[in-house]
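Participant: Sharing a structure with you now.
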Amino acid sequence: MKSLFFIFGIVFSTTVALHNSAQAEPQFIFSDDVAQGVRKNISIGVQAGEDFFKTRLGIIFSKSFSVVASNTDSFRKRNVPAKFYDSNCNGGYANPRFFVICAESESFNRNQFAGGLDVQQRVISLHEYVHVLQFEFTKISAEPAWFQEGFAEHVVLLYKEKLGITNKKQELAWQRGLARTLKYSLEQLEGRDRFNKSDKSVSAGMIAIADLEGRSGFQAFSTYYRLRGKGVSWKKAYEQAFGVTTKEFYAGLQL
Ligand SMILES: [Zn+2]
């Protein structure tokens, strides 16, 4: 009984500490030529990410972080630390404690989804925000690419479903169709180089993440990231959080 109380005490105090820490205000570094509508969309995307982590995972990001957005590469080059600067930017990219939006890029301006361009720009910002959080809990190099990207897009999917512009079941069925034409296994998509070889890799990642959610519930992702934040390796955290080894999961996954 005594030990049970002790365990409960630890869990309880962890939760309280997380909820008591204040949400950090992001620092927006926008070049003058970034339109008001774009600024608003980026800010809404960040807000959606903060709400998601707070309500679905019980995680509040209390560390300061920045968002650098511009229509020109030269502005980004001046405002992004040299070791993280990437001239090959389409949409955006993330690094520890900041993300970048390339507002002039083709993907940021591609009006192809239900909900229109505003939603497109918000979900790109949300996707990059998720990566900033992932960096906070993990060493991104040690995170499998399919998990990292699949989780970010899963968060986007849940956001779009909340907005009423997509149906999760239908979208996953569509993504599954794309994933089935991939010639790589999920295990082969752990590495970033192979992952980047096909646009369909992210579809496989999304199917795998949805499978994990179905198997263990969404709370398991919170467990996973908390363990990662304590320095547990991804394979060990994965096994503890989802109750399955990566090997077993790879063998059983039906794309
Ligand atoms: Zn990404």
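Residue names in the structure tokens use chain letters A, B, ... in the order shown, residue numbers from 1 in each chain, and ligand numbers from 1 in the order shown.
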Dump the neighbourhood of ligand 1 as a ChimeraX atom specification: all residues within 7 Å, distances computed on only C-alpha atoms and all ligand atoms.

Facilitator: /A:93,127-128,131,149,152

Participant: Write out as a list of chain:residue names which residues come within 10 Å of Thr223 in chain A when counting only C-alpha atoms, dropping same-chain ones fewer than 4 positions away.

Facilitator: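 Contacts, in chain order: A:Leu57, A:Phe218, A:Gln219, A:Leu227, A:Arg228, A:Gly229, A:Ala237, A:Tyr238, A:Gln240, A:Ala241, A:Phe242.
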
Participant: Hey, what's within 8 Å of Ser62 in chain A if we count only C-alpha atoms and toss same-chain stuff fewer than 6 positions away? As a PyMOL selection string, please?

Facilitator: chain A and resi 21-24

Participant: Quick one: write out the picked residues with N, CA and C atoms as a PDB file, in the first residue's frame?

Facilitator:
```pdb
ATOM      1  N   SER A  21       3.979  24.909 -15.230  1.00  0.00           N
ATOM      2  CA  SER A  21       4.953  25.698 -15.982  1.00  0.00           C
ATOM      3  C   SER A  21       4.228  26.464 -17.079  1.00  0.00           C
ATOM      4  N   ALA A  22       4.619  27.706 -17.229  1.00  0.00           N
ATOM      5  CA  ALA A  22       3.910  28.582 -18.175  1.00  0.00           C
ATOM      6  C   ALA A  22       4.304  28.273 -19.607  1.00  0.00           C
ATOM      7  N   GLN A  23       3.342  28.427 -20.473  1.00  0.00           N
ATOM      8  CA  GLN A  23       3.588  28.255 -21.908  1.00  0.00           C
ATOM      9  C   GLN A  23       4.496  29.397 -22.381  1.00  0.00           C
ATOM     10  N   ALA A  24       5.550  29.041 -23.106  1.00  0.00           N
ATOM     11  CA  ALA A  24       6.455  30.084 -23.596  1.00  0.00           C
ATOM     12  C   ALA A  24       5.810  30.832 -24.757  1.00  0.00           C
TER      13      ALA A  24
END
```

Participant: Enumerate as an NGL selection string all residues of range 91-253 of chain A assigned to helix (DSSP H, G or I) by DSSP on the backbone, naming them with the chain letters and numbers the document uses.

Facilitator: :A and (107-109 or 116-137 or 140-142 or 145-162 or 168-180 or 187-189 or 192-195 or 201-216 or 219-229 or 234-242 or 246-252)

Participant: Near Gln120 in chain A, within 9 Å and counting only C-alpha atoms, which residues show up once chain neighbours fewer than 4 positions away are dropped, as number ranges by chain?

Facilitator: A: 41, 107-116, 124-125

Participant: Applying 7 Å and only C-alpha atoms, which residues near Gly92 in chain A remain after dropping the ones on its own chain fewer than 3 positions away? List them as a ChimeraX atom specification.

Facilitator: /A:89,100-102,128

Participant: Just write the chosen residues, all heavy atoms, as a PDB file, in the first residue's frame.

Facilitator:
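Result file part.pdb:
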```pdb
ATOM      1  N   CYS A  89      14.973  25.018 -49.060  1.00  0.00           N
ATOM      2  CA  CYS A  89      13.780  25.024 -48.197  1.00  0.00           C
ATOM      3  C   CYS A  89      12.505  25.077 -49.031  1.00  0.00           C
ATOM      4  O   CYS A  89      12.351  25.949 -49.878  1.00  0.00           O
ATOM      5  CB  CYS A  89      13.853  26.231 -47.270  1.00  0.00           C
ATOM      6  SG  CYS A  89      12.396  26.479 -46.256  1.00  0.00           S
ATOM      7  N   VAL A 100      11.599  27.418 -39.261  1.00  0.00           N
ATOM      8  CA  VAL A 100      11.735  28.384 -40.345  1.00  0.00           C
ATOM      9  C   VAL A 100      10.577  28.175 -41.315  1.00  0.00           C
ATOM     10  O   VAL A 100      10.198  27.041 -41.598  1.00  0.00           O
ATOM     11  CB  VAL A 100      13.080  28.141 -41.080  1.00  0.00           C
ATOM     12  CG1 VAL A 100      13.213  29.037 -42.302  1.00  0.00           C
ATOM     13  CG2 VAL A 100      14.249  28.349 -40.125  1.00  0.00           C
ATOM     14  N   ILE A 101      10.016  29.271 -41.795  1.00  0.00           N
ATOM     15  CA  ILE A 101       9.006  29.195 -42.851  1.00  0.00           C
ATOM     16  C   ILE A 101       9.528  29.949 -44.067  1.00  0.00           C
ATOM     17  O   ILE A 101       9.941  31.111 -43.962  1.00  0.00           O
ATOM     18  CB  ILE A 101       7.665  29.815 -42.382  1.00  0.00           C
ATOM     19  CG1 ILE A 101       7.000  28.957 -41.297  1.00  0.00           C
ATOM     20  CG2 ILE A 101       6.702  30.024 -43.567  1.00  0.00           C
ATOM     21  CD1 ILE A 101       6.499  27.591 -41.736  1.00  0.00           C
ATOM     22  N   CYS A 102       9.519  29.268 -45.203  1.00  0.00           N
ATOM     23  CA  CYS A 102       9.943  29.889 -46.454  1.00  0.00           C
ATOM     24  C   CYS A 102       8.654  30.264 -47.193  1.00  0.00           C
ATOM     25  O   CYS A 102       8.077  29.444 -47.907  1.00  0.00           O
ATOM     26  CB  CYS A 102      10.781  28.906 -47.261  1.00  0.00           C
ATOM     27  SG  CYS A 102      12.017  28.145 -46.194  1.00  0.00           S
ATOM     28  N   GLU A 128       5.790  21.947 -38.418  1.00  0.00           N
ATOM     29  CA  GLU A 128       7.139  22.331 -37.974  1.00  0.00           C
ATOM     30  C   GLU A 128       7.188  22.533 -36.463  1.00  0.00           C
ATOM     31  O   GLU A 128       8.186  22.220 -35.821  1.00  0.00           O
ATOM     32  CB  GLU A 128       7.621  23.591 -38.710  1.00  0.00           C
ATOM     33  CG  GLU A 128       7.726  23.444 -40.230  1.00  0.00           C
ATOM     34  CD  GLU A 128       8.564  22.250 -40.708  1.00  0.00           C
ATOM     35  OE1 GLU A 128       9.435  21.786 -39.963  1.00  0.00           O
ATOM     36  OE2 GLU A 128       8.325  21.778 -41.837  1.00  0.00           O
TER      37      GLU A 128
END
```

Participant: Could you name the residues that touch Asp33 in chain A at 12 Å or less, counting only C-alpha atoms, but leaving out those on the same chain fewer than 3 positions away, as a VMD selection string?

Facilitator: chain A and resid 29 to 30 36 to 39 69 to 72 75 102 to 104

Participant: Quick one: write out the picked residues with N, CA, C and O atoms as an mmCIF file, in the first residue's frame?

Facilitator:
```
data_model
loop_
_atom_site.group_PDB
_atom_site.id
_atom_site.type_symbol
_atom_site.label_atom_id
_atom_site.label_comp_id
_atom_site.auth_asym_id
_atom_site.auth_seq_id
_atom_site.Cartn_x
_atom_site.Cartn_y
_atom_site.Cartn_z
ATOM 1 N N ILE A 29 10.099 36.148 -35.848
ATOM 2 C CA ILE A 29 11.062 36.985 -36.573
ATOM 3 C C ILE A 29 10.644 36.973 -38.042
ATOM 4 O O ILE A 29 10.964 36.043 -38.787
ATOM 5 N N PHE A 30 9.859 37.968 -38.417
ATOM 6 C CA PHE A 30 9.310 38.035 -39.772
ATOM 7 C C PHE A 30 10.001 39.131 -40.568
ATOM 8 O O PHE A 30 10.204 40.240 -40.049
ATOM 9 N N GLN A 36 0.381 40.117 -43.791
ATOM 10 C CA GLN A 36 -0.350 39.984 -42.517
ATOM 11 C C GLN A 36 -1.077 38.646 -42.423
ATOM 12 O O GLN A 36 -1.079 38.004 -41.380
ATOM 13 N N GLY A 37 -1.694 38.247 -43.538
ATOM 14 C CA GLY A 37 -2.444 36.988 -43.550
ATOM 15 C C GLY A 37 -1.537 35.800 -43.274
ATOM 16 O O GLY A 37 -1.917 34.858 -42.574
ATOM 17 N N VAL A 38 -0.332 35.859 -43.828
ATOM 18 C CA VAL A 38 0.643 34.774 -43.626
ATOM 19 C C VAL A 38 1.096 34.758 -42.163
ATOM 20 O O VAL A 38 1.166 33.697 -41.526
ATOM 21 N N ARG A 39 1.357 35.944 -41.607
ATOM 22 C CA ARG A 39 1.754 36.038 -40.189
ATOM 23 C C ARG A 39 0.692 35.414 -39.300
ATOM 24 O O ARG A 39 0.988 34.669 -38.364
ATOM 25 N N ALA A 69 10.439 33.681 -40.460
ATOM 26 C CA ALA A 69 9.689 33.562 -41.719
ATOM 27 C C ALA A 69 10.041 34.719 -42.641
ATOM 28 O O ALA A 69 10.148 35.868 -42.199
ATOM 29 N N SER A 70 10.218 34.393 -43.895
ATOM 30 C CA SER A 70 10.517 35.438 -44.877
ATOM 31 C C SER A 70 10.174 34.951 -46.272
ATOM 32 O O SER A 70 9.905 33.772 -46.480
ATOM 33 N N ASN A 71 10.213 35.877 -47.204
ATOM 34 C CA ASN A 71 10.011 35.538 -48.621
ATOM 35 C C ASN A 71 11.339 35.425 -49.355
ATOM 36 O O ASN A 71 11.357 35.116 -50.544
ATOM 37 N N THR A 72 12.413 35.728 -48.646
ATOM 38 C CA THR A 72 13.719 35.673 -49.306
ATOM 39 C C THR A 72 14.700 34.845 -48.486
ATOM 40 O O THR A 72 14.666 34.848 -47.251
ATOM 41 N N PHE A 75 17.208 36.846 -46.000
ATOM 42 C CA PHE A 75 16.743 37.163 -44.648
ATOM 43 C C PHE A 75 16.952 35.971 -43.716
ATOM 44 O O PHE A 75 17.410 36.117 -42.590
ATOM 45 N N CYS A 102 9.519 29.268 -45.203
ATOM 46 C CA CYS A 102 9.943 29.889 -46.454
ATOM 47 C C CYS A 102 8.654 30.264 -47.193
ATOM 48 O O CYS A 102 8.077 29.444 -47.907
ATOM 49 N N ALA A 103 8.227 31.504 -46.945
ATOM 50 C CA ALA A 103 6.879 31.913 -47.359
ATOM 51 C C ALA A 103 6.730 32.019 -48.872
ATOM 52 O O ALA A 103 5.613 32.010 -49.380
ATOM 53 N N GLU A 104 7.852 32.127 -49.576
ATOM 54 C CA GLU A 104 7.767 32.241 -51.032
ATOM 55 C C GLU A 104 7.746 30.865 -51.710
ATOM 56 O O GLU A 104 7.535 30.764 -52.910
#
```
